[in-house]
>>> print(open('upload_25.pdb').read())   # PDB, C-alpha atoms
ATOM      1  CA  MET A   1      55.364 -81.705 -24.155
ATOM      2  CA  PRO A   2      53.500 -78.803 -22.515
ATOM      3  CA  ALA A   3      50.485 -77.284 -24.200
ATOM      4  CA  GLU A   4      50.983 -74.428 -26.639
ATOM      5  CA  ALA A   5      50.522 -70.991 -25.076
ATOM      6  CA  PRO A   6      47.866 -68.491 -26.225
ATOM      7  CA  SER A   7      49.240 -66.063 -28.804
ATOM      8  CA  ASN A   8      48.517 -62.902 -30.824
ATOM      9  CA  ILE A   9      47.025 -61.262 -27.743
ATOM     10  CA  ILE A  10      45.507 -57.800 -28.208
ATOM     11  CA  PRO A  11      43.602 -56.629 -25.101
ATOM     12  CA  SER A  12      41.309 -53.584 -25.045
ATOM     13  CA  VAL A  13      38.967 -51.752 -22.709
ATOM     14  CA  LYS A  14      36.001 -49.459 -23.215
ATOM     15  CA  LYS A  15      33.519 -47.598 -21.062
ATOM     16  CA  LEU A  16      29.988 -48.983 -20.862
ATOM     17  CA  LYS A  17      27.415 -46.208 -20.461
ATOM     18  CA  ASP A  18      23.735 -45.948 -19.652
ATOM     19  CA  PRO A  19      22.003 -44.917 -22.913
ATOM     20  CA  LEU A  20      19.600 -42.615 -21.075
ATOM     21  CA  THR A  21      21.930 -40.797 -18.670
ATOM     22  CA  ASN A  22      25.210 -41.275 -20.596
ATOM     23  CA  LEU A  23      26.843 -42.127 -17.265
ATOM     24  CA  GLN A  24      29.439 -44.889 -17.132
ATOM     25  CA  THR A  25      28.219 -48.119 -15.595
ATOM     26  CA  ALA A  26      31.256 -50.389 -16.007
ATOM     27  CA  CYS A  27      34.569 -51.059 -17.750
ATOM     28  CA  GLU A  28      34.405 -53.802 -20.371
ATOM     29  CA  PHE A  29      37.587 -55.723 -21.096
ATOM     30  CA  THR A  30      37.970 -57.729 -24.276
ATOM     31  CA  ALA A  31      40.853 -59.455 -26.032
ATOM     32  CA  ARG A  32      41.621 -60.846 -29.456
ATOM     33  CA  LEU A  33      43.901 -63.879 -29.302
ATOM     34  CA  SER A  34      44.566 -67.363 -30.583
ATOM     35  CA  PHE A  35      43.459 -69.789 -27.871
ATOM     36  CA  ASP A  36      41.756 -73.026 -26.895
ATOM     37  CA  ALA A  37      38.513 -72.145 -25.111
ATOM     38  CA  ASN A  38      38.531 -75.427 -23.192
ATOM     39  CA  LYS A  39      41.984 -74.819 -21.721
ATOM     40  CA  LEU A  40      42.282 -71.033 -21.457
ATOM     41  CA  LYS A  41      42.970 -69.515 -18.041
ATOM     42  CA  ILE A  42      43.251 -65.795 -17.289
ATOM     43  CA  ALA A  43      44.447 -63.717 -14.340
ATOM     44  CA  HIS A  44      44.938 -59.982 -13.997
ATOM     45  CA  ARG A  45      46.642 -57.336 -11.889
ATOM     46  CA  VAL A  46      45.563 -53.709 -11.464
ATOM     47  CA  ASP A  47      47.924 -50.792 -10.730
ATOM     48  CA  ASP A  48      50.921 -53.115 -10.604
ATOM     49  CA  LEU A  49      53.568 -52.449 -13.240
ATOM     50  CA  SER A  50      56.383 -54.314 -11.482
ATOM     51  CA  ASP A  51      58.594 -56.787 -13.302
ATOM     52  CA  ASN A  52      58.204 -60.488 -12.520
ATOM     53  CA  PRO A  53      55.443 -60.098  -9.907
ATOM     54  CA  PRO A  54      54.638 -63.085  -7.658
ATOM     55  CA  THR A  55      51.662 -65.309  -8.381
ATOM     56  CA  GLU A  56      49.670 -63.791  -5.537
ATOM     57  CA  ALA A  57      49.804 -60.416  -7.311
ATOM     58  CA  TYR A  58      47.280 -61.755  -9.815
ATOM     59  CA  THR A  59      43.525 -62.156  -9.400
ATOM     60  CA  PRO A  60      41.779 -64.938 -11.347
ATOM     61  CA  SER A  61      39.444 -63.884 -14.154
ATOM     62  CA  THR A  62      36.778 -65.677 -16.141
ATOM     63  CA  PHE A  63      35.777 -65.094 -19.745
ATOM     64  CA  GLU A  64      33.087 -65.629 -22.326
ATOM     65  CA  VAL A  65      33.613 -66.140 -26.036
ATOM     66  CA  LEU A  66      32.291 -63.305 -28.172
ATOM     67  CA  SER A  67      33.475 -64.521 -31.552
ATOM     68  CA  ASN A  68      35.216 -67.549 -33.000
ATOM     69  CA  PHE A  69      36.329 -65.754 -36.136
ATOM     70  CA  PRO A  70      38.077 -63.572 -35.496
ATOM     71  CA  PRO A  71      38.621 -65.132 -32.054
ATOM     72  CA  MET A  72      37.558 -62.675 -29.357
ATOM     73  CA  ILE A  73      36.621 -62.936 -25.677
ATOM     74  CA  ARG A  74      35.144 -60.734 -22.974
ATOM     75  CA  ILE A  75      37.145 -60.861 -19.734
ATOM     76  CA  LEU A  76      35.093 -60.853 -16.536
ATOM     77  CA  GLY A  77      35.846 -60.208 -12.878
ATOM     78  CA  VAL A  78      38.147 -57.175 -13.204
ATOM     79  CA  ASN A  79      37.417 -54.614 -10.507
ATOM     80  CA  VAL A  80      38.587 -51.104 -11.373
ATOM     81  CA  PRO A  81      38.350 -48.459  -8.610
ATOM     82  CA  ARG A  82      35.530 -46.028  -9.359
ATOM     83  CA  ASP A  83      37.550 -42.887  -8.734
ATOM     84  CA  GLY A  84      37.868 -41.294 -12.164
ATOM     85  CA  TYR A  85      41.611 -41.945 -12.316
ATOM     86  CA  SER A  86      43.506 -44.073 -14.815
ATOM     87  CA  HIS A  87      44.448 -47.606 -13.758
ATOM     88  CA  PRO A  88      46.759 -49.892 -15.777
ATOM     89  CA  VAL A  89      45.530 -53.469 -16.067
ATOM     90  CA  ILE A  90      47.783 -56.339 -17.167
ATOM     91  CA  PHE A  91      46.427 -59.774 -18.073
ATOM     92  CA  LYS A  92      48.168 -63.145 -17.924
ATOM     93  CA  PHE A  93      46.976 -65.924 -20.260
ATOM     94  CA  TRP A  94      47.887 -69.607 -20.292
ATOM     95  CA  HIS A  95      46.471 -72.990 -21.282
ATOM     96  CA  GLU A  96      45.846 -75.464 -18.493
ATOM     97  CA  ASP A  97      46.425 -79.045 -19.541
ATOM     98  CA  ALA A  98      46.313 -81.821 -16.901
ATOM     99  CA  VAL A  99      47.746 -84.380 -19.322
ATOM    100  CA  GLU A 100      50.553 -82.660 -21.235
ATOM    101  CA  GLY A 101      51.203 -79.919 -18.703
ATOM    102  CA  ASP A 102      50.334 -76.272 -18.575
ATOM    103  CA  SER A 103      51.656 -73.895 -21.202
ATOM    104  CA  ASP A 104      53.858 -70.948 -20.486
ATOM    105  CA  ALA A 105      52.003 -67.902 -19.192
ATOM    106  CA  VAL A 106      51.890 -64.910 -21.542
ATOM    107  CA  GLU A 107      51.430 -61.385 -20.245
ATOM    108  CA  SER A 108      49.589 -58.759 -22.273
ATOM    109  CA  ASP A 109      50.600 -55.172 -22.750
ATOM    110  CA  PRO A 110      48.848 -52.972 -20.182
ATOM    111  CA  VAL A 111      45.522 -51.388 -20.978
ATOM    112  CA  VAL A 112      44.441 -48.239 -19.149
ATOM    113  CA  ALA A 113      40.988 -48.270 -17.602
ATOM    114  CA  VAL A 114      39.089 -45.316 -16.150
ATOM    115  CA  PHE A 115      35.895 -45.826 -14.182
ATOM    116  CA  ASP A 116      34.141 -42.468 -13.851
ATOM    117  CA  GLU A 117      33.043 -41.304 -10.456
ATOM    118  CA  GLU A 118      29.330 -41.251  -9.757
ATOM    119  CA  PRO A 119      27.712 -37.815 -10.021
ATOM    120  CA  PRO A 120      27.894 -35.929  -6.729
ATOM    121  CA  PRO A 121      24.675 -35.036  -4.873
ATOM    122  CA  VAL A 122      23.056 -31.718  -5.749
ATOM    123  CA  PRO A 123      23.958 -28.647  -3.666
ATOM    124  CA  THR A 124      21.429 -27.355  -1.151
ATOM    125  CA  LEU A 125      20.513 -23.932   0.265
ATOM    126  CA  VAL A 126      21.409 -22.185  -2.995
ATOM    127  CA  SER A 127      20.805 -18.423  -2.875
ATOM    128  CA  ALA A 128      21.768 -15.274  -4.782
ATOM    129  CA  THR A 129      21.905 -11.818  -3.189
ATOM    130  CA  VAL A 130      22.564  -8.527  -4.969
ATOM    131  CA  VAL A 131      25.380  -6.823  -3.056
ATOM    132  CA  ARG A 132      25.614  -3.904  -5.484
ATOM    133  CA  ASN A 133      23.619  -3.043  -8.583
ATOM    134  CA  ARG A 134      25.234  -1.471 -11.616
ATOM    135  CA  SER A 135      25.656   2.297 -11.452
ATOM    136  CA  GLY A 136      27.182   3.817 -14.565
ATOM    137  CA  VAL A 137      30.628   2.318 -15.033
ATOM    138  CA  VAL A 138      30.561   0.683 -11.585
ATOM    139  CA  PRO A 139      29.688  -3.015 -12.161
ATOM    140  CA  ASP A 140      27.204  -5.072 -10.205
ATOM    141  CA  GLN A 141      28.125  -7.633  -7.559
ATOM    142  CA  VAL A 142      26.098 -10.716  -6.634
ATOM    143  CA  GLU A 143      26.917 -13.111  -3.806
ATOM    144  CA  VAL A 144      25.996 -16.712  -4.605
ATOM    145  CA  ALA A 145      25.853 -19.087  -1.618
ATOM    146  CA  TRP A 146      25.386 -22.868  -1.364
ATOM    147  CA  THR A 147      26.004 -25.921   0.770
ATOM    148  CA  SER A 148      27.970 -28.808  -0.734
ATOM    149  CA  PRO A 149      30.956 -30.961   0.275
ATOM    150  CA  HIS A 150      32.136 -30.984  -3.355
ATOM    151  CA  ASP A 151      33.638 -28.548  -5.830
ATOM    152  CA  VAL A 152      30.957 -26.531  -7.603
ATOM    153  CA  SER A 153      30.387 -24.736 -10.886
ATOM    154  CA  ILE A 154      28.211 -21.602 -10.967
ATOM    155  CA  THR A 155      25.959 -20.922 -13.935
ATOM    156  CA  LEU A 156      24.191 -17.727 -15.001
ATOM    157  CA  LEU A 157      20.894 -17.759 -16.891
ATOM    158  CA  ASP A 158      20.228 -14.310 -18.350
ATOM    159  CA  ASP A 159      16.910 -12.761 -19.349
ATOM    160  CA  GLN A 160      17.319 -14.074 -22.914
ATOM    161  CA  GLY A 161      17.602 -17.668 -21.704
ATOM    162  CA  LYS A 162      21.324 -17.970 -22.496
ATOM    163  CA  LYS A 163      23.324 -20.047 -20.043
ATOM    164  CA  ARG A 164      27.014 -19.606 -19.244
ATOM    165  CA  VAL A 165      29.471 -20.591 -16.500
ATOM    166  CA  VAL A 166      30.499 -17.506 -14.490
ATOM    167  CA  GLY A 167      32.404 -18.984 -11.551
ATOM    168  CA  SER A 168      33.540 -21.979  -9.558
ATOM    169  CA  GLY A 169      34.147 -22.928  -5.932
ATOM    170  CA  ALA A 170      36.270 -25.450  -4.078
ATOM    171  CA  GLU A 171      34.822 -28.048  -1.722
ATOM    172  CA  ALA A 172      35.720 -25.839   1.247
ATOM    173  CA  ASP A 173      33.848 -22.837  -0.170
ATOM    174  CA  SER A 174      30.248 -21.949   0.543
ATOM    175  CA  SER A 175      29.884 -18.630  -1.309
ATOM    176  CA  LEU A 176      31.361 -16.589  -4.135
ATOM    177  CA  LEU A 177      31.137 -12.905  -5.054
ATOM    178  CA  ILE A 178      30.584 -12.511  -8.802
ATOM    179  CA  GLU A 179      30.933  -9.206 -10.645
ATOM    180  CA  ASN A 180      29.622  -7.638 -13.825
ATOM    181  CA  CYS A 181      27.016 -10.228 -14.797
ATOM    182  CA  SER A 182      24.676  -7.515 -16.059
ATOM    183  CA  ARG A 183      26.853  -7.238 -19.161
ATOM    184  CA  PHE A 184      25.017 -10.323 -20.401
ATOM    185  CA  GLY A 185      21.474 -10.492 -21.711
ATOM    186  CA  THR A 186      19.485  -7.526 -23.027
ATOM    187  CA  GLN A 187      21.651  -4.402 -22.993
ATOM    188  CA  ASP A 188      19.172  -1.548 -22.767
ATOM    189  CA  GLY A 189      20.016   0.074 -19.453
ATOM    190  CA  GLN A 190      16.928  -1.438 -17.804
ATOM    191  CA  SER A 191      16.426  -3.894 -14.927
ATOM    192  CA  HIS A 192      16.167  -7.566 -15.929
ATOM    193  CA  ALA A 193      15.844 -10.859 -14.065
ATOM    194  CA  PHE A 194      18.911 -13.107 -13.813
ATOM    195  CA  ARG A 195      19.142 -16.573 -12.280
ATOM    196  CA  PHE A 196      22.241 -18.103 -10.717
ATOM    197  CA  GLY A 197      22.577 -21.874 -10.459
ATOM    198  CA  VAL A 198      25.051 -24.124  -8.673
ATOM    199  CA  GLN A 199      26.000 -27.700  -9.543
ATOM    200  CA  ALA A 200      28.404 -29.985  -7.748
ATOM    201  CA  VAL A 201      31.231 -31.411  -9.859
ATOM    202  CA  ASN A 202      33.962 -34.010  -9.593
ATOM    203  CA  ARG A 203      36.616 -35.133 -12.044
ATOM    204  CA  SER A 204      34.122 -37.247 -13.964
ATOM    205  CA  ALA A 205      30.594 -35.917 -13.685
ATOM    206  CA  SER A 206      28.357 -33.186 -12.344
ATOM    207  CA  SER A 207      25.053 -32.991 -10.515
ATOM    208  CA  ALA A 208      21.916 -31.283 -11.741
ATOM    209  CA  ILE A 209      21.933 -27.477 -11.507
ATOM    210  CA  VAL A 210      20.056 -26.002  -8.556
ATOM    211  CA  TYR A 211      18.877 -22.444  -9.267
ATOM    212  CA  ALA A 212      18.416 -19.685  -6.719
ATOM    213  CA  ASN A 213      15.481 -17.300  -6.895
ATOM    214  CA  PRO A 214      15.865 -14.668  -9.648
ATOM    215  CA  VAL A 215      17.600 -11.373  -8.902
ATOM    216  CA  ASN A 216      17.127  -8.123 -10.809
ATOM    217  CA  LEU A 217      20.169  -6.383 -12.282
ATOM    218  CA  THR A 218      20.381  -3.172 -14.281
ATOM    219  CA  THR A 219      22.124  -3.886 -17.560
ATOM    220  CA  THR A 220      24.420  -1.630 -19.544
ATOM    221  CA  ASP A 221      23.139   0.418 -22.449
ATOM    222  CA  ASN A 222      25.913  -0.705 -24.800
ATOM    223  CA  ALA A 223      23.359  -1.918 -27.312
ATOM    224  CA  ALA A 224      22.070   1.617 -27.790
ATOM    225  CA  VAL A 225      23.362   3.289 -30.934
ATOM    226  CA  VAL A 226      25.995   5.846 -29.988
ATOM    227  CA  GLN A 227      26.255   8.785 -32.349
ATOM    228  CA  THR A 228      29.579   9.249 -34.095
ATOM    229  CA  PRO A 229      31.120  12.660 -34.843
ATOM    230  CA  ASP A 230      29.850  12.219 -38.417
ATOM    231  CA  ASP A 231      26.311  11.642 -37.128
ATOM    232  CA  ILE A 232      26.549  14.771 -35.020
ATOM    233  CA  ALA A 233      27.918  16.790 -37.959
ATOM    234  CA  GLY A 234      25.147  15.481 -40.180
ATOM    235  CA  THR A 235      27.508  14.106 -42.840
ATOM    236  CA  ALA A 236      26.912  10.383 -42.301
ATOM    237  CA  GLN A 237      24.510   8.660 -44.690
ATOM    238  CA  TYR A 238      23.175   5.106 -44.374
ATOM    239  CA  LEU A 239      21.894   3.916 -47.734
ATOM    240  CA  SER A 240      20.138   0.675 -48.556
ATOM    241  CA  TYR A 241      20.652  -1.000 -51.920
ATOM    242  CA  ALA A 242      17.395   0.495 -53.176
ATOM    243  CA  GLN A 243      18.367   3.980 -52.020
ATOM    244  CA  PHE A 244      21.796   3.693 -53.628
ATOM    245  CA  SER A 245      20.207   2.497 -56.878
ATOM    246  CA  THR A 246      17.875   5.506 -56.868
ATOM    247  CA  TRP A 247      20.816   7.857 -56.308
ATOM    248  CA  LEU A 248      22.732   6.219 -59.160
ATOM    249  CA  ALA A 249      19.820   6.706 -61.538
ATOM    250  CA  THR A 250      19.698  10.436 -60.751
ATOM    251  CA  GLN A 251      23.352  10.762 -61.866
ATOM    252  CA  PHE A 252      22.361   9.768 -65.403
ATOM    253  CA  PRO A 253      19.147  11.662 -66.120
ATOM    254  CA  THR A 254      19.270  10.849 -69.833
ATOM    255  CA  LEU A 255      19.148   7.112 -69.124
ATOM    256  CA  ASP A 256      16.084   5.152 -68.201
ATOM    257  CA  THR A 257      16.087   4.438 -64.440
ATOM    258  CA  GLY A 258      15.748   0.719 -65.088
ATOM    259  CA  ILE A 259      18.864   0.683 -67.256
ATOM    260  CA  ALA A 260      21.007   2.365 -64.607
ATOM    261  CA  VAL A 261      19.822  -0.062 -61.961
ATOM    262  CA  SER A 262      20.385  -2.989 -64.310
ATOM    263  CA  VAL A 263      23.953  -1.875 -65.035
ATOM    264  CA  LEU A 264      24.704  -1.745 -61.275
ATOM    265  CA  ALA A 265      23.195  -5.183 -60.677
ATOM    266  CA  SER A 266      25.094  -6.683 -63.624
ATOM    267  CA  ALA A 267      28.392  -5.195 -62.457
ATOM    268  CA  LEU A 268      27.951  -6.577 -58.938
ATOM    269  CA  ASP A 269      26.888  -9.991 -60.280
ATOM    270  CA  LYS A 270      29.990 -10.093 -62.469
ATOM    271  CA  ILE A 271      32.239  -9.356 -59.489
ATOM    272  CA  LYS A 272      30.575 -12.095 -57.450
ATOM    273  CA  ASP A 273      30.826 -14.557 -60.339
ATOM    274  CA  ILE A 274      34.546 -13.928 -60.809
ATOM    275  CA  VAL A 275      35.306 -14.253 -57.085
ATOM    276  CA  ALA A 276      33.103 -17.343 -56.738
ATOM    277  CA  LYS A 277      35.236 -19.016 -59.399
ATOM    278  CA  GLY A 278      38.486 -18.208 -57.629
ATOM    279  CA  GLY A 279      39.428 -14.953 -59.368
ATOM    280  CA  SER A 280      39.747 -11.311 -58.397
ATOM    281  CA  VAL A 281      38.581  -7.874 -59.537
ATOM    282  CA  MET A 282      40.684  -4.759 -58.927
ATOM    283  CA  LEU A 283      38.813  -1.446 -58.893
ATOM    284  CA  SER A 284      41.220   1.462 -58.973
ATOM    285  CA  ASP A 285      40.923   3.821 -55.997
ATOM    286  CA  VAL A 286      38.429   1.424 -54.389
ATOM    287  CA  GLY A 287      40.039  -1.935 -53.700
ATOM    288  CA  MET A 288      40.253  -5.583 -54.692
ATOM    289  CA  PHE A 289      37.593  -8.279 -54.489
ATOM    290  CA  LYS A 290      39.244 -11.693 -54.478
ATOM    291  CA  ALA A 291      38.895 -15.346 -53.546
ATOM    292  CA  GLN A 292      41.097 -16.628 -50.750
ATOM    293  CA  TRP A 293      41.546 -20.352 -50.089
ATOM    294  CA  THR A 294      42.145 -21.690 -46.596
ATOM    295  CA  PRO A 295      44.589 -24.643 -46.625
ATOM    296  CA  GLU A 296      43.616 -28.177 -45.754
ATOM    297  CA  ARG A 297      43.999 -28.789 -42.021
ATOM    298  CA  THR A 298      43.551 -31.489 -39.399
ATOM    299  CA  ALA A 299      41.234 -30.986 -36.407
ATOM    300  CA  PHE A 300      40.371 -33.099 -33.361
ATOM    301  CA  ARG A 301      36.602 -33.507 -33.105
ATOM    302  CA  ASN A 302      34.426 -35.963 -31.187
ATOM    303  CA  GLY A 303      37.405 -37.982 -30.057
ATOM    304  CA  GLN A 304      39.063 -38.422 -33.424
ATOM    305  CA  TYR A 305      41.195 -36.563 -35.945
ATOM    306  CA  VAL A 306      39.384 -35.403 -39.071
ATOM    307  CA  THR A 307      40.606 -33.655 -42.205
ATOM    308  CA  ILE A 308      39.045 -30.282 -42.946
ATOM    309  CA  PRO A 309      39.143 -29.712 -46.716
ATOM    310  CA  PRO A 310      40.265 -26.400 -48.247
ATOM    311  CA  VAL A 311      37.555 -23.715 -48.344
ATOM    312  CA  ARG A 312      37.193 -20.770 -50.722
ATOM    313  CA  ASN A 313      36.304 -17.468 -49.034
ATOM    314  CA  ALA A 314      35.577 -14.008 -50.416
ATOM    315  CA  GLU A 315      37.750 -11.084 -49.327
ATOM    316  CA  PHE A 316      37.773  -7.355 -50.023
ATOM    317  CA  THR A 317      40.905  -5.267 -49.508
ATOM    318  CA  LEU A 318      40.575  -1.495 -49.433
ATOM    319  CA  SER A 319      42.828   0.485 -51.753
ATOM    320  CA  LEU A 320      45.288   2.969 -50.279
ATOM    321  CA  GLY A 321      43.176   5.901 -51.433
ATOM    322  CA  PHE A 322      40.014   4.458 -49.912
ATOM    323  CA  GLN A 323      41.762   3.834 -46.578
ATOM    324  CA  LYS A 324      43.444   7.210 -46.202
ATOM    325  CA  GLY A 325      40.497   9.078 -47.673
ATOM    326  CA  THR A 326      38.165   7.543 -45.108
ATOM    327  CA  LYS A 327      40.494   8.549 -42.268
ATOM    328  CA  LEU A 328      40.607  12.121 -43.589
ATOM    329  CA  GLY A 329      36.909  12.282 -44.430
ATOM    330  CA  GLN A 330      37.330  12.924 -48.148
ATOM    331  CA  VAL A 331      37.471  11.118 -51.481
ATOM    332  CA  MET A 332      41.052  10.336 -52.519
ATOM    333  CA  THR A 333      42.702   8.463 -55.340
ATOM    334  CA  ASP A 334      45.480   5.984 -54.722
ATOM    335  CA  THR A 335      47.947   8.419 -56.308
ATOM    336  CA  GLU A 336      46.893  11.251 -54.016
ATOM    337  CA  ALA A 337      47.051   8.991 -50.960
ATOM    338  CA  ALA A 338      50.601   7.932 -51.819
ATOM    339  CA  LEU A 339      51.687  11.571 -51.623
ATOM    340  CA  VAL A 340      50.163  12.173 -48.188
TER     341      VAL A 340
END
>>> encode(input="upload_25.pdb", output="structure tokens")
Amino acid sequence: MPAEAPSNIIPSVKKLKDPLTNLQTACEFTARLSFDANKLKIAHRVDDLSDNPPTEAYTPSTFEVLSNFPPMIRILGVNVPRDGYSHPVIFKFWHEDAVEGDSDAVESDPVVAVFDEEPPPVPTLVSATVVRNRSGVVPDQVEVAWTSPHDVSITLLDDQGKKRVVGSGAEADSSLLIENCSRFGTQDGQSHAFRFGVQAVNRSASSAIVYANPVNLTTTDNAAVVQTPDDIAGTAQYLSYAQFSTWLATQFPTLDTGIAVSVLASALDKIKDIVAKGGSVMLSDVGMFKAQWTPERTAFRNGQYVTIPPVRNAEFTLSLGFQKGTKLGQVMTDTEAALV
């Protein structure tokens, strides 16, 4: 009677990575199964999903026992192309017995292995040239050039040290014209140094970034405070909490200043307490302070699905009178606004 075949086979594969560089160094194949270590034989085929393949389609494998309980082995001798693509691998297991006869061969379900490409070499001759500086609403243009036989990603390092990807190039490209990079960094209408870097990329990894010499670009002045019509008319006021408290105290000259300020602080604390506990406060002609719960949701993070619990947030909704009154530049009640 032939030997009993291996059973309960569950193969798996994982990427082995260098702990310092985080680059993949190999594909590790393991399997859980019921087997006799003295008789077990393994073969494999890569990128062959045909039915009933001939014996020569398989390549012999060796193994080492990782655990006896639960039984688990590491399968050795599987060569996966290092091209960053997916490759199905199917294993065949059987027990070899010279006395009773070999068991039936059992094929595993396919596992999909990916062996990342090695990082490409760094680009050379990286340069950045200002073709046109910003002039009013006309944006700047910078030509970034490089030499590399690979696809590239172009990075901008602004004067604040923030890094962002601003372009890409195919393996046949050697330069790229990039516009409007001066919108990043310090926005004060002055000239600032920017650095452009190029790194080669493939489907799995990227090289180090090679930076060109800095170039100077004139930034926009969007950060400057632009006066509104109310500022120009002199009607706009910008009060701090202390200034508002002082104004409130002057509206009640018969009260001690400290009492007026205390009443304001207590009222605001009460609103925050009610909202923090899930409630709401409606102030006529002003609006509603309320708590708003976001529902529980599922998100995909770090390679796995996680449950994001519900979260309570504070919201304020303007009343109709507040909204329309602000548009018209006057104080309005909700009743008055409904008639407009």
>>> resolve_selection(input="upload_25.pdb", expression="the PyMOL selection byres ((chain A and resi 337) around 8)", output="list in words")
Leu320, Gly321, Lys324, Gly325, Met332, Thr333, Asp334, Thr335, Glu336, Ala338, Leu339 and Val340 of chain A
>>> write_last_selection(input="upload_25.pdb", atoms="C-alpha atoms", output="PDB file, in the frame of the given file")
ATOM      1  CA  LEU A 320      45.288   2.969 -50.279  1.00  0.00           C
ATOM      2  CA  GLY A 321      43.176   5.901 -51.433  1.00  0.00           C
ATOM      3  CA  LYS A 324      43.444   7.210 -46.202  1.00  0.00           C
ATOM      4  CA  GLY A 325      40.497   9.078 -47.673  1.00  0.00           C
ATOM      5  CA  MET A 332      41.052  10.336 -52.519  1.00  0.00           C
ATOM      6  CA  THR A 333      42.702   8.463 -55.340  1.00  0.00           C
ATOM      7  CA  ASP A 334      45.480   5.984 -54.722  1.00  0.00           C
ATOM      8  CA  THR A 335      47.947   8.419 -56.308  1.00  0.00           C
ATOM      9  CA  GLU A 336      46.893  11.251 -54.016  1.00  0.00           C
ATOM     10  CA  ALA A 338      50.601   7.932 -51.819  1.00  0.00           C
ATOM     11  CA  LEU A 339      51.687  11.571 -51.623  1.00  0.00           C
ATOM     12  CA  VAL A 340      50.163  12.173 -48.188  1.00  0.00           C
TER      13      VAL A 340
END
>>> resolve_selection(input="upload_25.pdb", expression="the PyMOL selection byres ((chain A and resi 276) around 9)", output="PyMOL selection string")
chain A and resi 271-275+277-279+290-291+312-314
>>> resolve_selection(input="upload_25.pdb", expression="the PyMOL selection byres ((chain A and resi 63) around 12)", output="PyMOL selection string")
chain A and resi 28-31+37-44+60-62+64-66+72-78+93
>>> residues_around(input="upload_25.pdb", residues="Asp104 (chain A)", least_positions_apart="2", cutoff="9 Å", atoms="all atoms listed in the file", output="MDAnalysis selection string")
chainID A and resid 2:6 93:95 102 106
>>> residues_around(input="upload_25.pdb", residues="region 139-145 of chain A", least_positions_apart="4", cutoff="12 Å", atoms="only C-alpha atoms", output="MDAnalysis selection string")
chainID A and resid 123:135 152:156 166:169 173:184 191 194:199 210:220
>>> residues_around(input="upload_25.pdb", residues="Asn8 (chain A)", least_positions_apart="6", cutoff="8 Å", atoms="only C-alpha atoms", output="PDB file with C-alpha atoms, in the coordinates of the input")
ATOM      1  CA  ARG A  32      41.621 -60.846 -29.456  1.00  0.00           C
ATOM      2  CA  LEU A  33      43.901 -63.879 -29.302  1.00  0.00           C
ATOM      3  CA  SER A  34      44.566 -67.363 -30.583  1.00  0.00           C
TER       4      SER A  34
END
>>> residues_around(input="upload_25.pdb", residues="Asp109 (chain A)", least_positions_apart="6", cutoff="9 Å", atoms="only C-alpha atoms", output="PyMOL selection string")
chain A and resi 9-11+89-91
>>> atom_distance(input="upload_25.pdb", atom1="CA of Ser206 (chain A)", atom2="CA of His192 (chain A)")
28.6 Å
>>> closest_residue(input="upload_25.pdb", among="A:Pro110, A:Gly101, A:Pro71, A:Pro229", to="Leu49 (chain A)", atoms="only C-alpha atoms")
A:Pro110
>>> closest_residue(input="upload_25.pdb", among="A:Gln190, A:Asp256, A:Leu283, A:Glu117", to="Tyr85 (chain A)", atoms="all atoms listed in the file")
A:Glu117
>>> atom_distance(input="upload_25.pdb", atom1="CA of Trp247 (chain A)", atom2="CA of Ser266 (chain A)")
16.8 Å
>>> closest_residue(input="upload_25.pdb", among="A:Ala26, A:Pro310, A:Ala193, A:Phe35", to="Thr294 (chain A)", atoms="all atoms listed in the file")
A:Pro310
>>> atom_distance(input="upload_25.pdb", atom1="CA of Trp293 (chain A)", atom2="CA of Ile308 (chain A)")
12.5 Å
>>> axis_aligned_box(input="upload_25.pdb", around="region 316-325 of chain A", padding_each_side="6 Å", output="AutoDock Vina command-line options")
--center_x 41.5 --center_y 0.9 --center_z -49.0 --size_x 19.5 --size_y 28.4 --size_z 17.6
